[in-house]
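The block underneath contains the structure these notes are about, expressed in structure tokens.
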Amino acid sequence: MENNGLSWKIGGEAGYGIMTTGFIFAKVCSRAGLHVFDHTEYPSLIRGGHNTYQVRAEVEEVYSHVKHVDLLVALNKETIDKHKEELAPGGGIIYDRDKIPLSKEDLGRDDVKLYPVPLLKLAEESGGREIMVNSVALGASVALIDFDFEMLSNVIEDIYRGKARETIEFNIRAARLGYDYVKNKGMEKDFGRKLPKVGGKKRMLLTGNDALCIGAIKAGCKFYAAYPMTPSSSILHTMASQERNFSLVVKHPEDEIAAINMVIGTGFAGVRAMTATSGGGFSLMSEALGLAAMTETPIVVAVCQRPGPSTGLPTRTEQGDLKFVLHASQGEFPRFVIAPGDVEECFYKTIEAFNLAERYQCPVILILDKYLSESHKTTEQFDVNGIKIDRGLLLSDEELEKIREFKRYEFTETGISPRTIPSQRGGIFTANGNEHDETGDLSEDKTIRTKMMDKRFKKFEQAEKEIPEPKLFGPKDADMTIIAWGSTKGPVKEAMKLLDRDGIKANFLQIIYISPFPTNTVSKIIETSKRTVIVENNKTAQLASLIREKTGKEIEHKILKYDGRQFFPTEIYQRIKEVL
């Protein structure tokens, strides 16, 4: 029997290679030509605690994870206790019978298939240690879905490249023993969820943070400074790993305050620069964000959300920082806020963030969350042919020579003034946190203050004409219009598939550019919709509140989740069915 999809999950205690094992399984499915989406869950502990990695693989494109599990790999009993209810009818469990006595009576259901594999015994036979039970379980999983072992061994070689040869061989040998055990017992004949090997199509398997890094490098970012903070830390790791390949300067300073000030200094010097953090770190950055605004220095900041307040749930996901990001720092000033919804948008919108920062000479904030930052998704090769780099009004030496008196903050029709970098003759100016006149000299004159405030906000009048309008997916004549932002895009699109099977027409308004807000377009779509519902991973429906503020329109129904976990498509589907 062949199926078009599989939901696979491995669980166990931290320290047993759960994350590496899950990523290898995801890579195997991707190399088989399948579409893949994965996500991880782990507690905020230095060591220990329950970790899981879930992989969804399908013939057709997938946009999020799902609630059910077809094959559960349990490295300890806790995994079975916590996740047995997630098993789909006919699903299976790989477990070590020597460590976990298990029967269908223990599960309270007889529709689950049990696949006892002596994981510890085989790990020891491989010449490895107990910790290698994960590789044995990996081999057993690949055998159950009837994939070739060579595909798995090739991925292990790639993932462990750079490690000692002995380590690679131990892992391959352990995986081989698990694979052969399942095959020799004929277990794969009993498992009814065998994935087809599509082949021929090579795709990238990236997280949102991976794609953001690639976009930043492609955009010409040459300086990155950040203090590690989940879930933004992998951006620092990736950028540091590419320093020599792309002539980058990457700094791990003493704190987030230092990081953003380094980025402002670098932007002032004419170099494209970026930092990233989570809500707690952005709290520390907020005063310096105002300095970038007052000096009209282009910077890019990525805020990867997690649940607050305070430390909150540092390894979970939420969309609770939208209003904070929109209003961070004292006073009023324009800032762009861009919310990519998937891996592809993380790449393209990061490039656009750098262009907007220099074109409009103001801070640009990319807002993600743990679910988007750390989940892998298969994606096609990015199309870089149409990408352009826009440095804005950055004057050349020749252009500067033609100007009688350079005014860094010159009043213009667009609010955008000519910019120079240090060392340019005739382009010297003062840049500090005080209000100033056109040359940058401190001024408390009330007329100048008013004109300077108006000048900075004029930029948005121009920007509103240039930034893309929100996307509306699905039929115009829909029974329900779903409104969402950020990582909820994937679960919403999956929920729309389920609604369509029931004959319910739904469309989806995705708002990517949140500041400046696309007031006219959003107003028209809401006015012409039969019913509206908003989906947000927060308690107070922050985007719905912003829509009401900007348009005067009240969203009829709200689907909110704020337990630190992302939406399942079925949750959205069921709630919309209730509304209808």
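Labels used: A, B, ... for chains in the order of the structure tokens, numbers from 1 for residues in each chain, and numbers from 1 for ligands as shown.
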
request  = Quick one: everything within 10 Å of segment 285-289 of chain A, counting only C-alpha atoms, minus sequence neighbours fewer than 5 positions away in the same chain. Send it as a list of chain:residue names.
outcome  = A:Asp255, A:Glu256, A:Ile257, A:Ala258, A:Ala259, A:Ile260, A:Asn261, A:Ile264, A:Thr277, A:Gly279, A:Gly280, A:Met294, A:Thr297, A:Ile299, A:Val301, A:Phe324, A:Val325, A:His327, A:Ala328, A:Ser329, A:Gln330, A:Arg335, A:Cys362, A:Pro363, A:Val364, A:Gly433

query = Taking the backbone alone, and naming residues the way the document does, which bits of segment 49-99 of chain A are strand (DSSP E) by DSSP, as a VMD selection string?
reply = chain A and resid 50 to 58 69 to 74 87 to 95

inquiry  = Residues near Ile94 of chain A, anyone? I mean within 7 Å using only C-alpha atoms, not counting same-chain ones fewer than 4 positions away, as a PyMOL selection string.
reply    = chain A and resi 72-74+114-117

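Residues in contact with segment 118-134 of chain A at up to 8 Å, not including ones fewer than 2 positions away on its chain and judged by only C-alpha atoms, are Gly15, Tyr16, Gly17, Ile18, Thr21, Leu75, Tyr95, Asp96, Arg97, Asp98, Pro116, Val136, Ala137, Leu138, Phe170, Asn171, Arg173, Ala174, Leu177 and Gly178 of chain A.
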
Write the selection just made, keeping N, CA, C and O atoms, as a PDB file, in the first residue's frame?
```pdb
ATOM      1  N   GLY A  15      19.720  15.338  24.755  1.00  0.00           N
ATOM      2  CA  GLY A  15      21.025  14.704  24.858  1.00  0.00           C
ATOM      3  C   GLY A  15      21.126  13.428  24.054  1.00  0.00           C
ATOM      4  O   GLY A  15      22.211  12.845  23.926  1.00  0.00           O
ATOM      5  N   TYR A  16      20.008  12.976  23.487  1.00  0.00           N
ATOM      6  CA  TYR A  16      19.996  11.752  22.695  1.00  0.00           C
ATOM      7  C   TYR A  16      19.853  12.030  21.196  1.00  0.00           C
ATOM      8  O   TYR A  16      19.381  11.186  20.440  1.00  0.00           O
ATOM      9  N   GLY A  17      20.251  13.215  20.765  1.00  0.00           N
ATOM     10  CA  GLY A  17      20.301  13.509  19.341  1.00  0.00           C
ATOM     11  C   GLY A  17      18.963  13.606  18.654  1.00  0.00           C
ATOM     12  O   GLY A  17      18.857  13.314  17.459  1.00  0.00           O
ATOM     13  N   ILE A  18      17.928  14.032  19.394  1.00  0.00           N
ATOM     14  CA  ILE A  18      16.580  14.118  18.813  1.00  0.00           C
ATOM     15  C   ILE A  18      16.567  15.074  17.620  1.00  0.00           C
ATOM     16  O   ILE A  18      16.001  14.765  16.562  1.00  0.00           O
ATOM     17  N   THR A  21      18.556  13.712  14.575  1.00  0.00           N
ATOM     18  CA  THR A  21      17.841  12.579  13.980  1.00  0.00           C
ATOM     19  C   THR A  21      16.655  13.061  13.155  1.00  0.00           C
ATOM     20  O   THR A  21      16.433  12.594  12.034  1.00  0.00           O
ATOM     21  N   LEU A  75      11.905   6.989  22.218  1.00  0.00           N
ATOM     22  CA  LEU A  75      13.174   6.606  22.837  1.00  0.00           C
ATOM     23  C   LEU A  75      13.029   6.436  24.343  1.00  0.00           C
ATOM     24  O   LEU A  75      13.973   5.990  25.002  1.00  0.00           O
ATOM     25  N   TYR A  95       9.752   1.262  19.318  1.00  0.00           N
ATOM     26  CA  TYR A  95      10.193   1.406  20.707  1.00  0.00           C
ATOM     27  C   TYR A  95      11.114   0.241  21.060  1.00  0.00           C
ATOM     28  O   TYR A  95      11.218  -0.757  20.325  1.00  0.00           O
ATOM     29  N   ASP A  96      11.795   0.379  22.187  1.00  0.00           N
ATOM     30  CA  ASP A  96      12.703  -0.667  22.659  1.00  0.00           C
ATOM     31  C   ASP A  96      11.970  -1.507  23.702  1.00  0.00           C
ATOM     32  O   ASP A  96      11.729  -1.044  24.822  1.00  0.00           O
ATOM     33  N   ARG A  97      11.619  -2.731  23.336  1.00  0.00           N
ATOM     34  CA  ARG A  97      10.823  -3.580  24.237  1.00  0.00           C
ATOM     35  C   ARG A  97      11.586  -3.928  25.516  1.00  0.00           C
ATOM     36  O   ARG A  97      10.995  -4.163  26.565  1.00  0.00           O
ATOM     37  N   ASP A  98      12.917  -3.955  25.429  1.00  0.00           N
ATOM     38  CA  ASP A  98      13.711  -4.270  26.615  1.00  0.00           C
ATOM     39  C   ASP A  98      13.631  -3.167  27.663  1.00  0.00           C
ATOM     40  O   ASP A  98      13.838  -3.399  28.851  1.00  0.00           O
ATOM     41  N   PRO A 116       8.482  -3.415  18.022  1.00  0.00           N
ATOM     42  CA  PRO A 116       9.560  -3.482  19.012  1.00  0.00           C
ATOM     43  C   PRO A 116      10.907  -3.722  18.332  1.00  0.00           C
ATOM     44  O   PRO A 116      11.066  -4.656  17.548  1.00  0.00           O
ATOM     45  N   VAL A 136      19.916   4.044  15.456  1.00  0.00           N
ATOM     46  CA  VAL A 136      19.249   2.754  15.237  1.00  0.00           C
ATOM     47  C   VAL A 136      17.780   2.995  14.897  1.00  0.00           C
ATOM     48  O   VAL A 136      17.242   2.403  13.940  1.00  0.00           O
ATOM     49  N   ALA A 137      17.130   3.866  15.658  1.00  0.00           N
ATOM     50  CA  ALA A 137      15.714   4.180  15.409  1.00  0.00           C
ATOM     51  C   ALA A 137      15.515   4.838  14.061  1.00  0.00           C
ATOM     52  O   ALA A 137      14.500   4.613  13.381  1.00  0.00           O
ATOM     53  N   LEU A 138      16.488   5.620  13.642  1.00  0.00           N
ATOM     54  CA  LEU A 138      16.417   6.272  12.339  1.00  0.00           C
ATOM     55  C   LEU A 138      16.441   5.232  11.221  1.00  0.00           C
ATOM     56  O   LEU A 138      15.640   5.285  10.275  1.00  0.00           O
ATOM     57  N   PHE A 170      30.263   4.946  12.947  1.00  0.00           N
ATOM     58  CA  PHE A 170      29.447   4.418  14.043  1.00  0.00           C
ATOM     59  C   PHE A 170      27.969   4.678  13.782  1.00  0.00           C
ATOM     60  O   PHE A 170      27.123   3.802  13.964  1.00  0.00           O
ATOM     61  N   ASN A 171      27.638   5.900  13.359  1.00  0.00           N
ATOM     62  CA  ASN A 171      26.241   6.257  13.117  1.00  0.00           C
ATOM     63  C   ASN A 171      25.646   5.492  11.936  1.00  0.00           C
ATOM     64  O   ASN A 171      24.494   5.058  11.987  1.00  0.00           O
ATOM     65  N   ARG A 173      26.673   2.575  10.871  1.00  0.00           N
ATOM     66  CA  ARG A 173      26.565   1.171  11.278  1.00  0.00           C
ATOM     67  C   ARG A 173      25.354   0.971  12.183  1.00  0.00           C
ATOM     68  O   ARG A 173      24.610  -0.014  12.037  1.00  0.00           O
ATOM     69  N   ALA A 174      25.136   1.887  13.107  1.00  0.00           N
ATOM     70  CA  ALA A 174      23.983   1.777  14.004  1.00  0.00           C
ATOM     71  C   ALA A 174      22.678   1.856  13.211  1.00  0.00           C
ATOM     72  O   ALA A 174      21.734   1.091  13.444  1.00  0.00           O
ATOM     73  N   LEU A 177      22.015  -1.408  11.337  1.00  0.00           N
ATOM     74  CA  LEU A 177      21.498  -2.486  12.181  1.00  0.00           C
ATOM     75  C   LEU A 177      20.001  -2.311  12.431  1.00  0.00           C
ATOM     76  O   LEU A 177      19.242  -3.285  12.404  1.00  0.00           O
ATOM     77  N   GLY A 178      19.553  -1.062  12.670  1.00  0.00           N
ATOM     78  CA  GLY A 178      18.126  -0.820  12.846  1.00  0.00           C
ATOM     79  C   GLY A 178      17.349  -1.109  11.578  1.00  0.00           C
ATOM     80  O   GLY A 178      16.251  -1.686  11.616  1.00  0.00           O
TER      81      GLY A 178
END
```

ask   = Quick one: of A:Asp342, A:Asp180, A:Glu410, A:Glu78, who's nearest to Ile512 of chain A, counting only C-alpha atoms?
value = A:Asp342

ask   = If you count only C-alpha atoms, which residues fall within 8 Å of Val533 of chain A, apart from same-chain ones fewer than 5 positions away, as a PyMOL selection string?
value = chain A and resi 480-483+555-559+576

Export of prior selection with C-alpha atoms as a short mmCIF file (atom, residue, chain, number, x, y, z; two decimals), in the first residue's frame:
```cif
data_model
loop_
_atom_site.label_atom_id
_atom_site.label_comp_id
_atom_site.auth_asym_id
_atom_site.auth_seq_id
_atom_site.Cartn_x
_atom_site.Cartn_y
_atom_site.Cartn_z
CA MET A 480 -15.32 33.37 4.74
CA THR A 481 -12.35 35.75 4.56
CA ILE A 482 -9.53 34.72 6.88
CA ILE A 483 -7.11 37.45 7.94
CA ILE A 555 -13.31 41.83 12.56
CA GLU A 556 -16.38 39.71 13.31
CA HIS A 557 -14.71 36.59 14.66
CA LYS A 558 -11.37 35.88 16.30
CA ILE A 559 -9.45 32.62 16.52
CA ILE A 576 -14.38 28.28 11.14
#
```

key: Which of segment 120-338 of chain A fall in helix (DSSP H, G or I), as JSON, numbers by chain   = {"A": [120, 121, 122, 123, 124, 125, 130, 131, 132, 133, 134, 135, 136, 137, 138, 139, 140, 141, 142, 143, 144, 149, 150, 151, 152, 153, 154, 155, 156, 157, 158, 159, 165, 166, 167, 168, 169, 170, 171, 172, 173, 174, 175, 176, 177, 178, 179, 180, 181, 182, 183, 184, 185, 187, 188, 189, 190, 208, 209, 210, 211, 212, 213, 214, 215, 216, 217, 218, 233, 234, 235, 236, 237, 238, 239, 240, 241, 243, 244, 245, 246, 256, 257, 258, 259, 260, 261, 262, 263, 264, 265, 266, 267, 268, 279, 280, 281, 282, 283, 284, 285, 286, 287, 288, 289, 290, 291, 292, 293, 294, 322, 323, 324, 325, 326, 327]}

request  = Name all residues at most 12 Å from Gln381 of chain A (count only C-alpha atoms; drop same-chain ones fewer than 4 positions away) and give them as a PyMOL selection string.
outcome  = chain A and resi 201-206+211+214+343-344+347+385

For Ala484 of chain A: contacts at 12 Å, only C-alpha atoms, fewer than 3 positions along chain excluded, given as JSON, numbers by chain = {"A": [319, 339, 340, 341, 470, 471, 472, 473, 481, 487, 488, 489, 490, 491, 492, 493, 507, 508, 509, 510, 511, 512, 513, 514, 522, 532, 533, 534, 535, 536, 537, 538, 541, 542, 543, 544, 547, 555, 558, 559, 560, 567, 572]}

request  = Would you mind telling me which residue in A:Asp148, A:Glu352, A:Glu469, A:Asp397 lies nearest to Gly220 of chain A when using only C-alpha atoms?
outcome  = A:Glu352

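Coordinates place atom CA of Tyr63 of chain A at a distance of 21.4 Å from atom CA of Tyr42 of chain A.
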
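Separating atom CA of His376 of chain A from atom CA of Leu236 of chain A is a distance of 17.4 Å.
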
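When only C-alpha atoms are used to measure the gap to Lys465 of chain A, the shortest distance among A:Thr519, A:Thr40, A:Met452, A:Met262 belongs to A:Thr519.
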
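Interatomic distance, atom CA of Arg408 of chain A against atom CA of Thr450 of chain A: 17.3 Å.
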
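If you measure from each of A:Glu85, A:Glu318, A:Glu254, A:Asp106 to Pro231 of chain A using only C-alpha atoms, the closest one turns out to be A:Glu318.
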
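Compared by their closest atoms to Asp38 of chain A, and using only C-alpha atoms, the residues A:Ile100, A:Val66, A:Ala353, A:Met274 rank with A:Val66 nearest.
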